[in-house]
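Raw entry.txt, compact mmCIF, C-alpha atoms:
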# COMPACT_ATOMS: atom_id res chain seq x y z
CA MET A 1 26.05 -8.37 -13.26
CA PRO A 2 24.92 -4.92 -12.12
CA PRO A 3 26.94 -3.34 -9.32
CA GLN A 4 25.25 -4.30 -6.08
CA LYS A 5 23.96 -1.68 -3.74
CA GLN A 6 25.01 -2.05 -0.11
CA GLU A 7 22.37 -3.60 2.12
CA ARG A 8 20.52 -0.95 4.06
CA LYS A 9 20.64 -1.34 7.81
CA GLN A 10 17.41 -0.98 9.72
CA LEU A 11 17.66 1.38 12.67
CA ALA A 12 16.02 0.55 15.98
CA ILE A 13 13.29 3.03 16.91
CA VAL A 14 13.10 2.04 20.59
CA GLY A 15 15.13 0.02 23.05
CA PRO A 16 15.13 -3.71 23.89
CA LYS A 17 11.73 -3.58 25.64
CA ALA A 18 9.96 -2.93 22.35
CA ALA A 19 7.33 -5.61 23.06
CA ASP A 20 5.97 -3.33 25.77
CA GLN A 21 5.69 -0.52 23.20
CA VAL A 22 3.10 -2.33 21.05
CA PHE A 23 -0.13 -2.19 23.01
CA VAL A 24 -2.78 -4.81 22.19
CA THR A 25 -6.28 -4.92 23.67
CA ALA A 26 -9.82 -6.04 22.87
CA ASP A 27 -11.28 -3.36 25.16
CA PRO A 28 -12.17 -0.14 23.25
CA ALA A 29 -12.14 1.96 26.43
CA GLU A 30 -8.68 0.67 27.39
CA PHE A 31 -7.41 1.39 23.87
CA VAL A 32 -8.54 5.00 24.15
CA LYS A 33 -7.27 5.38 27.74
CA ARG A 34 -3.77 4.07 26.95
CA ASP A 35 -3.28 6.39 23.95
CA ALA A 36 -0.18 4.42 22.96
CA ASP A 37 2.14 5.37 20.11
CA TYR A 38 1.84 1.86 18.64
CA ALA A 39 -1.37 -0.05 19.23
CA LEU A 40 -3.55 -2.82 17.82
CA PHE A 41 -7.21 -3.20 18.69
CA HIS A 42 -8.37 -6.84 18.60
CA GLY A 43 -11.88 -6.46 17.28
CA ARG A 44 -14.05 -4.70 14.73
CA CYS A 45 -12.91 -1.22 13.76
CA GLU A 46 -16.46 0.08 14.31
CA ASN A 47 -16.09 -0.70 18.03
CA VAL A 48 -12.85 1.18 18.57
CA LEU A 49 -13.95 4.09 16.36
CA GLY A 50 -17.10 4.43 18.45
CA ALA A 51 -14.98 4.75 21.59
CA LEU A 52 -12.62 7.36 20.14
CA PRO A 53 -13.60 11.03 20.53
CA GLU A 54 -15.01 12.75 17.43
CA LYS A 55 -12.05 15.06 16.95
CA PRO A 56 -9.09 15.29 14.54
CA LEU A 57 -6.76 12.38 15.30
CA PHE A 58 -5.40 10.76 12.14
CA ASP A 59 -2.78 12.23 9.80
CA LEU A 60 -3.26 9.31 7.43
CA ILE A 61 -5.95 6.66 7.16
CA VAL A 62 -4.70 3.92 4.86
CA THR A 63 -6.14 0.48 4.28
CA SER A 64 -7.15 -2.26 1.91
CA PRO A 65 -10.67 -3.18 3.06
CA PRO A 66 -12.28 -6.60 2.63
CA TYR A 67 -13.39 -6.95 -1.00
CA ASN A 68 -16.54 -8.97 -0.18
CA ILE A 69 -15.28 -11.96 -2.16
CA GLY A 70 -15.56 -14.58 0.58
CA LYS A 71 -12.07 -14.63 2.11
CA PRO A 72 -11.74 -16.41 5.52
CA TYR A 73 -11.75 -13.10 7.42
CA GLU A 74 -15.00 -11.77 5.89
CA GLN A 75 -18.61 -12.76 5.32
CA LYS A 76 -19.75 -12.30 1.75
CA VAL A 77 -23.00 -10.32 1.46
CA GLU A 78 -25.02 -8.65 -1.28
CA LEU A 79 -23.12 -5.77 -2.87
CA GLN A 80 -25.55 -3.09 -1.64
CA GLN A 81 -25.28 -4.41 1.93
CA TYR A 82 -21.49 -4.36 1.64
CA LYS A 83 -21.62 -0.75 0.45
CA THR A 84 -23.88 0.28 3.34
CA GLY A 85 -21.56 -1.29 5.90
CA GLN A 86 -18.47 0.32 4.40
CA LYS A 87 -20.16 3.73 4.32
CA LYS A 88 -20.78 3.52 8.07
CA VAL A 89 -17.09 2.79 8.71
CA ILE A 90 -15.86 5.51 6.35
CA THR A 91 -18.19 8.09 7.92
CA GLU A 92 -16.68 7.43 11.36
CA LEU A 93 -13.15 7.56 9.96
CA VAL A 94 -13.68 10.92 8.27
CA LYS A 95 -14.96 12.42 11.55
CA ARG A 96 -11.55 11.66 13.11
CA MET A 97 -9.36 12.71 10.17
CA LYS A 98 -7.24 15.83 10.62
CA PRO A 99 -8.08 18.83 8.38
CA THR A 100 -4.64 18.50 6.77
CA GLY A 101 -4.79 14.71 6.71
CA SER A 102 -5.30 12.15 3.95
CA LEU A 103 -7.33 9.00 3.40
CA CYS A 104 -6.05 6.28 1.06
CA TRP A 105 -8.37 3.41 0.12
CA GLN A 106 -6.73 0.57 -1.83
CA VAL A 107 -9.18 -1.64 -3.74
CA GLY A 108 -9.45 -4.03 -6.67
CA ASN A 109 -12.41 -5.70 -8.33
CA TYR A 110 -15.51 -7.45 -7.07
CA VAL A 111 -16.42 -10.35 -9.35
CA VAL A 112 -20.14 -11.03 -9.62
CA SER A 113 -20.35 -14.83 -9.57
CA SER A 114 -22.18 -16.85 -12.19
CA LYS A 115 -22.91 -20.53 -12.87
CA ASN A 116 -20.48 -20.80 -15.78
CA ASN A 117 -17.67 -18.96 -13.94
CA ARG A 118 -17.85 -16.02 -16.35
CA GLY A 119 -19.06 -13.44 -13.86
CA SER A 120 -18.87 -9.73 -14.56
CA VAL A 121 -16.22 -7.50 -12.99
CA TYR A 122 -17.23 -4.55 -10.79
CA PRO A 123 -14.34 -2.14 -10.04
CA LEU A 124 -14.69 -1.29 -6.36
CA ASP A 125 -13.26 2.21 -6.80
CA ILE A 126 -16.44 3.01 -8.78
CA LEU A 127 -18.51 1.81 -5.83
CA PHE A 128 -16.50 3.70 -3.20
CA HIS A 129 -15.97 7.08 -4.86
CA PRO A 130 -19.56 8.38 -4.39
CA ILE A 131 -19.28 7.55 -0.66
CA PHE A 132 -16.19 9.69 -0.23
CA GLU A 133 -17.61 12.44 -2.44
CA ASP A 134 -20.84 12.58 -0.40
CA LEU A 135 -18.73 13.08 2.73
CA GLY A 136 -17.07 16.12 1.17
CA LEU A 137 -13.67 14.57 0.47
CA VAL A 138 -11.62 15.65 -2.54
CA LEU A 139 -10.04 13.00 -4.78
CA ARG A 140 -6.39 13.96 -5.36
CA ASN A 141 -5.20 10.87 -7.23
CA ARG A 142 -6.37 7.50 -8.48
CA ILE A 143 -3.04 5.70 -8.18
CA VAL A 144 -2.51 2.55 -10.23
CA TRP A 145 -0.55 -0.23 -8.54
CA ARG A 146 0.79 -2.74 -11.05
CA PHE A 147 1.94 -6.19 -9.97
CA GLY A 148 3.11 -9.28 -11.82
CA HIS A 149 1.43 -12.25 -10.18
CA GLY A 150 -2.13 -13.45 -9.68
CA LEU A 151 -4.82 -15.81 -10.93
CA HIS A 152 -4.77 -16.74 -14.61
CA CYS A 153 -8.19 -16.17 -16.17
CA LYS A 154 -9.66 -18.29 -18.95
CA HIS A 155 -12.58 -16.10 -20.04
CA ARG A 156 -11.11 -12.59 -19.68
CA PHE A 157 -7.70 -10.92 -19.46
CA SER A 158 -5.93 -11.66 -16.16
CA GLY A 159 -6.06 -8.78 -13.72
CA ARG A 160 -2.67 -7.35 -12.80
CA TYR A 161 -3.42 -3.99 -11.19
CA GLU A 162 -5.39 -2.43 -8.37
CA VAL A 163 -5.90 1.21 -7.40
CA ILE A 164 -5.38 3.51 -4.45
CA LEU A 165 -7.90 6.33 -4.06
CA TRP A 166 -6.25 9.27 -2.26
CA TYR A 167 -8.58 11.84 -0.71
CA THR A 168 -8.15 14.96 1.41
CA LYS A 169 -10.60 17.05 3.43
CA ALA A 170 -9.52 20.44 2.16
CA ASN A 171 -7.22 22.23 -0.27
CA GLU A 172 -4.60 22.73 2.44
CA TYR A 173 -3.14 19.30 3.20
CA HIS A 174 0.21 17.72 4.01
CA PHE A 175 2.08 16.68 0.87
CA ASP A 176 5.87 16.33 0.92
CA LEU A 177 6.79 15.69 -2.70
CA ASP A 178 10.53 16.04 -2.01
CA ALA A 179 10.36 13.00 0.30
CA VAL A 180 9.34 10.72 -2.56
CA ARG A 181 10.96 12.17 -5.68
CA ILE A 182 12.59 9.75 -8.09
CA LYS A 183 15.40 10.33 -10.55
CA SER A 184 14.39 12.36 -13.59
CA LYS A 185 14.13 10.50 -16.88
CA TYR A 186 16.22 13.17 -18.65
CA PRO A 187 18.23 15.02 -15.95
CA GLY A 188 20.37 16.60 -18.68
CA LYS A 189 17.45 18.14 -20.57
CA ARG A 190 17.63 21.93 -21.06
CA HIS A 191 15.23 24.70 -22.02
CA TYR A 192 15.55 25.34 -25.76
CA LYS A 193 13.91 28.79 -25.91
CA GLY A 194 12.83 31.72 -23.81
CA PRO A 195 14.71 33.51 -21.01
CA ARG A 196 15.92 30.19 -19.53
CA ALA A 197 17.25 28.80 -22.82
CA GLY A 198 20.27 26.58 -22.22
CA LYS A 199 19.55 26.06 -18.52
CA LEU A 200 18.57 22.71 -17.04
CA SER A 201 14.81 22.23 -17.15
CA SER A 202 14.38 19.39 -14.66
CA ASN A 203 14.31 19.62 -10.87
CA PRO A 204 17.80 18.66 -9.57
CA ASN A 205 16.13 16.73 -6.73
CA GLY A 206 14.28 14.44 -9.14
CA LYS A 207 10.78 14.19 -10.54
CA ASN A 208 7.28 13.50 -9.28
CA PRO A 209 6.71 9.70 -9.16
CA GLU A 210 3.37 10.15 -10.98
CA ASP A 211 0.18 8.14 -10.46
CA VAL A 212 1.27 4.84 -12.02
CA TRP A 213 3.65 3.57 -9.41
CA GLU A 214 6.89 2.85 -11.12
CA ALA A 215 10.30 4.47 -10.69
CA SER A 216 13.60 4.50 -12.55
CA CYS A 217 15.79 1.59 -11.54
CA ASP A 218 18.95 3.64 -11.91
CA GLU A 219 18.07 5.58 -8.77
CA MET A 220 18.85 2.38 -6.84
CA TYR A 221 21.57 0.67 -8.89
CA THR A 222 24.33 2.52 -10.72
CA GLY A 223 24.43 1.27 -14.29
CA TRP A 224 21.19 -0.74 -13.93
CA GLU A 225 19.54 1.34 -16.65
CA ASN A 226 21.76 -0.38 -19.19
CA LEU A 227 20.45 -3.82 -18.21
CA TRP A 228 16.79 -3.15 -17.46
CA ASP A 229 13.83 -1.57 -19.21
CA GLY A 230 14.11 1.41 -16.85
CA PHE A 231 11.22 0.66 -14.50
CA TRP A 232 10.23 -1.47 -11.56
CA ASP A 233 6.92 -2.18 -9.88
CA ILE A 234 5.88 -3.33 -6.39
CA PRO A 235 5.28 -7.10 -6.24
CA ASN A 236 2.21 -8.37 -4.43
CA VAL A 237 2.85 -10.61 -1.43
CA LYS A 238 2.88 -14.22 -2.64
CA SER A 239 4.32 -17.47 -1.25
CA ASN A 240 8.05 -16.71 -1.55
CA HIS A 241 7.81 -12.99 -0.68
CA VAL A 242 9.98 -11.97 2.26
CA GLU A 243 6.95 -10.43 4.01
CA LYS A 244 4.63 -13.44 3.59
CA HIS A 245 2.67 -14.50 6.66
CA SER A 246 -0.54 -16.53 6.93
CA HIS A 247 -2.78 -13.66 5.83
CA PRO A 248 -4.11 -14.48 2.31
CA CYS A 249 -4.17 -10.88 1.01
CA GLN A 250 -1.28 -8.98 2.58
CA PHE A 251 -0.68 -5.32 1.87
CA PRO A 252 2.98 -4.88 0.68
CA VAL A 253 4.94 -2.63 3.02
CA GLY A 254 6.53 -0.91 0.03
CA LEU A 255 3.13 0.15 -1.27
CA VAL A 256 2.39 2.08 1.93
CA GLU A 257 5.87 3.54 2.37
CA ARG A 258 5.47 6.21 -0.29
CA LEU A 259 2.10 7.25 1.13
CA VAL A 260 3.55 7.52 4.63
CA LYS A 261 6.54 9.55 3.46
CA ALA A 262 4.54 11.95 1.30
CA LEU A 263 1.30 12.37 3.25
CA THR A 264 2.32 12.44 6.92
CA PRO A 265 4.52 14.73 9.00
CA ALA A 266 7.27 13.35 11.20
CA ASN A 267 5.76 11.58 14.21
CA GLY A 268 2.30 11.69 12.58
CA LEU A 269 -0.39 9.10 13.36
CA VAL A 270 -1.29 6.45 10.75
CA PHE A 271 -4.48 4.40 11.21
CA ASP A 272 -5.48 1.19 9.43
CA PRO A 273 -9.05 0.05 10.23
CA TYR A 274 -8.45 -3.35 8.57
CA ALA A 275 -4.89 -3.91 9.72
CA GLY A 276 -4.41 -7.57 8.79
CA ALA A 277 -0.78 -8.48 9.54
CA ALA A 278 0.00 -4.77 10.19
CA SER A 279 1.91 -4.08 6.96
CA ALA A 280 0.83 -0.42 7.11
CA GLY A 281 2.11 -0.30 10.68
CA VAL A 282 5.53 -1.56 9.66
CA ALA A 283 5.69 1.10 6.93
CA ALA A 284 4.77 3.72 9.53
CA VAL A 285 7.24 2.54 12.17
CA ILE A 286 10.28 2.27 9.89
CA ASN A 287 9.60 5.84 8.79
CA ARG A 288 9.23 7.06 12.40
CA ARG A 289 5.48 7.58 12.48
CA LYS A 290 2.97 6.36 15.08
CA PHE A 291 0.50 3.61 14.24
CA TRP A 292 -2.91 2.40 15.35
CA GLY A 293 -4.73 -0.51 13.76
CA ALA A 294 -7.81 -2.70 14.21
CA GLU A 295 -8.05 -6.39 13.31
CA VAL A 296 -10.65 -9.08 14.08
CA VAL A 297 -8.57 -12.26 13.54
CA SER A 298 -6.51 -13.32 16.57
CA GLU A 299 -3.72 -14.88 14.50
CA TYR A 300 -3.23 -11.70 12.47
CA VAL A 301 -3.16 -9.60 15.65
CA ARG A 302 -0.41 -11.83 17.03
CA ILE A 303 1.58 -11.62 13.78
CA GLY A 304 1.08 -7.87 13.62
CA GLN A 305 2.27 -7.33 17.18
CA GLN A 306 5.44 -9.31 16.52
CA TRP A 307 6.10 -7.62 13.17
CA LEU A 308 5.66 -4.17 14.70
CA THR A 309 7.98 -5.16 17.54
CA ASP A 310 10.57 -6.30 15.02
CA ALA A 311 10.21 -2.98 13.16
CA LEU A 312 10.74 -1.04 16.38
CA THR A 313 13.94 -2.96 17.12
CA GLY A 314 15.24 -2.79 13.55
CA LYS A 315 14.67 -6.50 12.83
CA ALA A 316 11.59 -6.50 10.60
CA LYS A 317 11.80 -8.40 7.33
CA TYR A 318 10.23 -6.39 4.52
CA ARG A 319 10.77 -5.47 0.89
CA PRO A 320 11.68 -1.75 0.50
CA HIS A 321 9.62 0.17 -2.03
CA ASP A 322 12.72 1.14 -4.01
CA LYS A 323 14.01 -2.38 -4.69
CA PRO A 324 13.88 -3.48 -8.37
CA ILE A 325 11.79 -6.53 -9.19
CA TYR A 326 13.51 -9.83 -9.96
CA ASP A 327 14.53 -10.24 -13.61
CA HIS A 328 12.56 -13.37 -14.48
CA THR A 329 14.63 -13.96 -17.64
CA LYS A 330 17.53 -15.04 -15.39
CA SER A 331 15.54 -17.98 -14.05
CA PRO A 332 15.82 -21.42 -15.71
CA LEU A 333 12.01 -21.53 -15.48
CA SER A 334 11.86 -18.86 -18.20
CA ARG A 335 13.25 -21.29 -20.77
CA VAL A 336 10.84 -23.45 -22.80
CA PRO A 337 11.31 -27.14 -21.85
CA GLU A 338 12.27 -29.48 -24.68
CA ASP A 339 9.39 -31.83 -23.86
CA SER A 340 6.72 -29.10 -23.89
CA GLY A 341 5.35 -30.08 -27.31
CA PRO A 342 4.42 -27.76 -30.21
CA LEU A 343 3.87 -24.11 -29.34
CA LEU A 344 1.53 -21.59 -30.89
CA LYS A 345 3.24 -18.69 -32.55
CA PHE A 346 2.34 -15.20 -31.30
CA GLY A 347 -0.75 -14.03 -33.13
CA GLN A 348 -1.78 -17.55 -34.15
CA ASP A 349 -5.43 -18.45 -33.45

For the structure just supplied, provide its representation as structure tokens.
Amino acid sequence: MPPQKQERKQLAIVGPKAADQVFVTADPAEFVKRDADYALFHGRCENVLGALPEKPLFDLIVTSPPYNIGKPYEQKVELQQYKTGQKKVITELVKRMKPTGSLCWQVGNYVVSSKNNRGSVYPLDILFHPIFEDLGLVLRNRIVWRFGHGLHCKHRFSGRYEVILWYTKANEYHFDLDAVRIKSKYPGKRHYKGPRAGKLSSNPNGKNPEDVWEASCDEMYTGWENLWDGFWDIPNVKSNHVEKHSHPCQFPVGLVERLVKALTPANGLVFDPYAGAASAGVAAVINRRKFWGAEVVSEYVRIGQQWLTDALTGKAKYRPHDKPIYDHTKSPLSRVPEDSGPLLKFGQD
């Protein structure tokens, strides 16, 4: 067994009256008037954005918008109508984004339905990019988020990744690479020629985590690199995930953590226009940033308020971004049952 890392203790951000610190209202004017450090607006984001002044407010706008696929919290419409509605929201968001701020839009695929269930796939990042570009934003990264669970397709390869589009307003923006460095792959590598020949060539603080979000496991567990393939990824929130609530498409806290650490200053304001269960808010709070969110579903607002309260008091249950994924080969379910019948060999038609 790999040596176990000590459990990290969550630190309380505020005192015992944390419930009073998470302000919830369905009144846009009251939301603006209160100007709370931690707040959820119960309603459409367009309503609260319309009440906010058109001035720089947000250090980071981060969300996973509705995909227009008919989930309980959305109404499925024609793709062009969906694009028009999203453009209106994004336009209002950009007006309130700080000059040094960032906008991160996490999306997957829209599947065009068909009678035989073999609809075509439309990557939503292709749909969204022209909107951001027309508003003058600069794409800094198209980050690939890989996960291991999802629907199994019969007529195409099963989808196991989504993307995060990271944009800024200008060339001068907040980016703290040192806050998110991971251990170098070859920390002992040295320059082999030139004036620095023989000296270490890698940054002693670690390397850039790159745009496919994986990181060396040995930064978390001493000796783990001898038992693992060297990488981990961020699991999506499914039934047995520690963060799972009733929301059908939760944003993993760990996915937002790196964005919060790298793209916001201490005490900066994070805004999620489609907050859901407030996963982005938890990521903000545990890293000592402020958070505002908007959500239309009453149940998700209630869950979000409680989860934020737990984060403020150091009690929130979440999966840290730097925790290795479970080694599925250790599970008895990974073994082929004796009564499974004949199996096809790899490569057999």

Next item on the list: Mind giving me the straight-line distance from atom CA of A:Thr63 to atom CA of A:His152 in Å, one decimal?
Entry: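 Pair atom CA of A:Thr63 / atom CA of A:His152 returns 25.6 Å.
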
Item checked: Nearest to A:Ile182 by atom-to-atom distance, counting all atoms listed in the file, from A:Gly194, A:Asn208, A:Val163, A:Phe157 ->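 So, comparing all the options, the nearest one is A:Asn208.
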
Next item on the list: Could you jot down the atom CA of A:Leu49 to atom CA of A:Asn68 separation for me, Å, one decimal place?
Entry: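 These atoms are spaced 21.2 Å apart.
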
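Minimum atom-to-atom distance to A:Phe128, evaluated using all atoms listed in the file, belongs to A:Lys83 out of A:His155, A:Arg140, A:Lys98, A:Lys83.
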
Notebook entry, point to check: Which is closer to A:Asp37 than all the others in A:Lys317, A:Val24, A:Ser120, A:Pro265, using all atoms listed in the file?
Noted result: A:Val24

Next item on the list: Show which residues sit within 9 Å of stretch 175-180 of chain A, as a ChimeraX atom specification. Count all atoms listed in the file, and ignore same-chain residues fewer than 4 positions away.
Entry: /A:205-209,258-259,261-265

Notebook entry, point to check: Can you list, as a ChimeraX atom specification, every protein, DNA or RNA residue that comes within 12 Å of A:Pro99 when you count all atoms listed in the file, leaving out same-chain residues fewer than 3 positions away?
Noted result: /A:55-60,94-96,102-103,136-138,167-174

Item checked: Which of A:Asn109, A:Asn47, A:Gln305, A:Asn141 sits closest to A:Gly159 [using only C-alpha atoms] ->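 Nearest candidate to A:Gly159 out of A:Asn109, A:Asn47, A:Gln305, A:Asn141: A:Asn109.
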
Checklist line | Proximity to A:Ile131 - best of A:Leu165, A:Ala29, A:Met97, A:Val144, only C-alpha atoms | finding: A:Leu165

Notebook entry, point to check: Expressed in Å to a single decimal, how great is the separation between atom CA of A:Phe41 and atom CA of A:Asp27?
Noted result: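 Between atom CA of A:Phe41 and atom CA of A:Asp27 the gap is 7.6 Å.
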
Because some atoms of stretch 27-52 of chain A are absent here, can you restore N, CA and C atoms and send them as a PDB file, keeping the file's coordinate frame?
ATOM      1  N   ASP A  27     -10.394  -4.277  24.421  1.00  0.00           N
ATOM      2  CA  ASP A  27     -11.280  -3.360  25.160  1.00  0.00           C
ATOM      3  C   ASP A  27     -11.176  -1.957  24.549  1.00  0.00           C
ATOM      4  N   PRO A  28     -12.234  -1.469  23.888  1.00  0.00           N
ATOM      5  CA  PRO A  28     -12.170  -0.140  23.250  1.00  0.00           C
ATOM      6  C   PRO A  28     -11.828   0.978  24.244  1.00  0.00           C
ATOM      7  N   ALA A  29     -12.394   0.909  25.431  1.00  0.00           N
ATOM      8  CA  ALA A  29     -12.140   1.960  26.430  1.00  0.00           C
ATOM      9  C   ALA A  29     -10.667   1.960  26.847  1.00  0.00           C
ATOM     10  N   GLU A  30     -10.086   0.768  27.011  1.00  0.00           N
ATOM     11  CA  GLU A  30      -8.680   0.670  27.390  1.00  0.00           C
ATOM     12  C   GLU A  30      -7.782   1.163  26.271  1.00  0.00           C
ATOM     13  N   PHE A  31      -8.168   0.899  25.025  1.00  0.00           N
ATOM     14  CA  PHE A  31      -7.410   1.390  23.870  1.00  0.00           C
ATOM     15  C   PHE A  31      -7.331   2.913  23.890  1.00  0.00           C
ATOM     16  N   VAL A  32      -8.478   3.535  24.137  1.00  0.00           N
ATOM     17  CA  VAL A  32      -8.540   5.000  24.150  1.00  0.00           C
ATOM     18  C   VAL A  32      -7.760   5.550  25.355  1.00  0.00           C
ATOM     19  N   LYS A  33      -7.919   4.912  26.510  1.00  0.00           N
ATOM     20  CA  LYS A  33      -7.270   5.380  27.740  1.00  0.00           C
ATOM     21  C   LYS A  33      -5.750   5.319  27.618  1.00  0.00           C
ATOM     22  N   ARG A  34      -5.225   4.237  27.029  1.00  0.00           N
ATOM     23  CA  ARG A  34      -3.770   4.070  26.950  1.00  0.00           C
ATOM     24  C   ARG A  34      -3.145   5.093  26.006  1.00  0.00           C
ATOM     25  N   ASP A  35      -3.790   5.399  24.894  1.00  0.00           N
ATOM     26  CA  ASP A  35      -3.280   6.390  23.950  1.00  0.00           C
ATOM     27  C   ASP A  35      -1.821   6.105  23.578  1.00  0.00           C
ATOM     28  N   ALA A  36      -1.549   4.850  23.245  1.00  0.00           N
ATOM     29  CA  ALA A  36      -0.180   4.420  22.960  1.00  0.00           C
ATOM     30  C   ALA A  36       0.290   4.923  21.597  1.00  0.00           C
ATOM     31  N   ASP A  37       1.584   4.979  21.409  1.00  0.00           N
ATOM     32  CA  ASP A  37       2.140   5.370  20.110  1.00  0.00           C
ATOM     33  C   ASP A  37       1.952   4.273  19.074  1.00  0.00           C
ATOM     34  N   TYR A  38       1.984   3.005  19.539  1.00  0.00           N
ATOM     35  CA  TYR A  38       1.840   1.860  18.640  1.00  0.00           C
ATOM     36  C   TYR A  38       0.830   0.916  19.268  1.00  0.00           C
ATOM     37  N   ALA A  39      -0.309   0.722  18.602  1.00  0.00           N
ATOM     38  CA  ALA A  39      -1.370  -0.050  19.230  1.00  0.00           C
ATOM     39  C   ALA A  39      -2.206  -0.814  18.207  1.00  0.00           C
ATOM     40  N   LEU A  40      -2.652  -2.001  18.615  1.00  0.00           N
ATOM     41  CA  LEU A  40      -3.550  -2.820  17.820  1.00  0.00           C
ATOM     42  C   LEU A  40      -4.799  -3.115  18.640  1.00  0.00           C
ATOM     43  N   PHE A  41      -5.951  -2.854  18.047  1.00  0.00           N
ATOM     44  CA  PHE A  41      -7.210  -3.200  18.690  1.00  0.00           C
ATOM     45  C   PHE A  41      -7.678  -4.541  18.129  1.00  0.00           C
ATOM     46  N   HIS A  42      -7.922  -5.511  19.017  1.00  0.00           N
ATOM     47  CA  HIS A  42      -8.370  -6.840  18.600  1.00  0.00           C
ATOM     48  C   HIS A  42      -9.897  -6.828  18.572  1.00  0.00           C
ATOM     49  N   GLY A  43     -10.440  -6.522  17.426  1.00  0.00           N
ATOM     50  CA  GLY A  43     -11.880  -6.460  17.280  1.00  0.00           C
ATOM     51  C   GLY A  43     -12.263  -5.650  16.051  1.00  0.00           C
ATOM     52  N   ARG A  44     -13.545  -5.436  15.887  1.00  0.00           N
ATOM     53  CA  ARG A  44     -14.050  -4.700  14.730  1.00  0.00           C
ATOM     54  C   ARG A  44     -13.682  -3.222  14.841  1.00  0.00           C
ATOM     55  N   CYS A  45     -13.314  -2.636  13.737  1.00  0.00           N
ATOM     56  CA  CYS A  45     -12.910  -1.220  13.760  1.00  0.00           C
ATOM     57  C   CYS A  45     -14.058  -0.319  14.195  1.00  0.00           C
ATOM     58  N   GLU A  46     -15.311  -0.722  13.899  1.00  0.00           N
ATOM     59  CA  GLU A  46     -16.460   0.080  14.310  1.00  0.00           C
ATOM     60  C   GLU A  46     -16.481   0.271  15.836  1.00  0.00           C
ATOM     61  N   ASN A  47     -16.052  -0.764  16.566  1.00  0.00           N
ATOM     62  CA  ASN A  47     -16.090  -0.700  18.030  1.00  0.00           C
ATOM     63  C   ASN A  47     -15.073   0.293  18.591  1.00  0.00           C
ATOM     64  N   VAL A  48     -13.861   0.260  18.057  1.00  0.00           N
ATOM     65  CA  VAL A  48     -12.850   1.180  18.570  1.00  0.00           C
ATOM     66  C   VAL A  48     -13.105   2.608  18.079  1.00  0.00           C
ATOM     67  N   LEU A  49     -13.623   2.747  16.861  1.00  0.00           N
ATOM     68  CA  LEU A  49     -13.950   4.090  16.360  1.00  0.00           C
ATOM     69  C   LEU A  49     -15.048   4.722  17.203  1.00  0.00           C
ATOM     70  N   GLY A  50     -16.024   3.902  17.628  1.00  0.00           N
ATOM     71  CA  GLY A  50     -17.100   4.430  18.450  1.00  0.00           C
ATOM     72  C   GLY A  50     -16.634   4.901  19.813  1.00  0.00           C
ATOM     73  N   ALA A  51     -15.516   4.347  20.284  1.00  0.00           N
ATOM     74  CA  ALA A  51     -14.980   4.750  21.590  1.00  0.00           C
ATOM     75  C   ALA A  51     -14.070   5.968  21.496  1.00  0.00           C
ATOM     76  N   LEU A  52     -13.524   6.220  20.317  1.00  0.00           N
ATOM     77  CA  LEU A  52     -12.620   7.360  20.140  1.00  0.00           C
ATOM     78  C   LEU A  52     -13.424   8.667  20.080  1.00  0.00           C
TER      79      LEU A  52
END
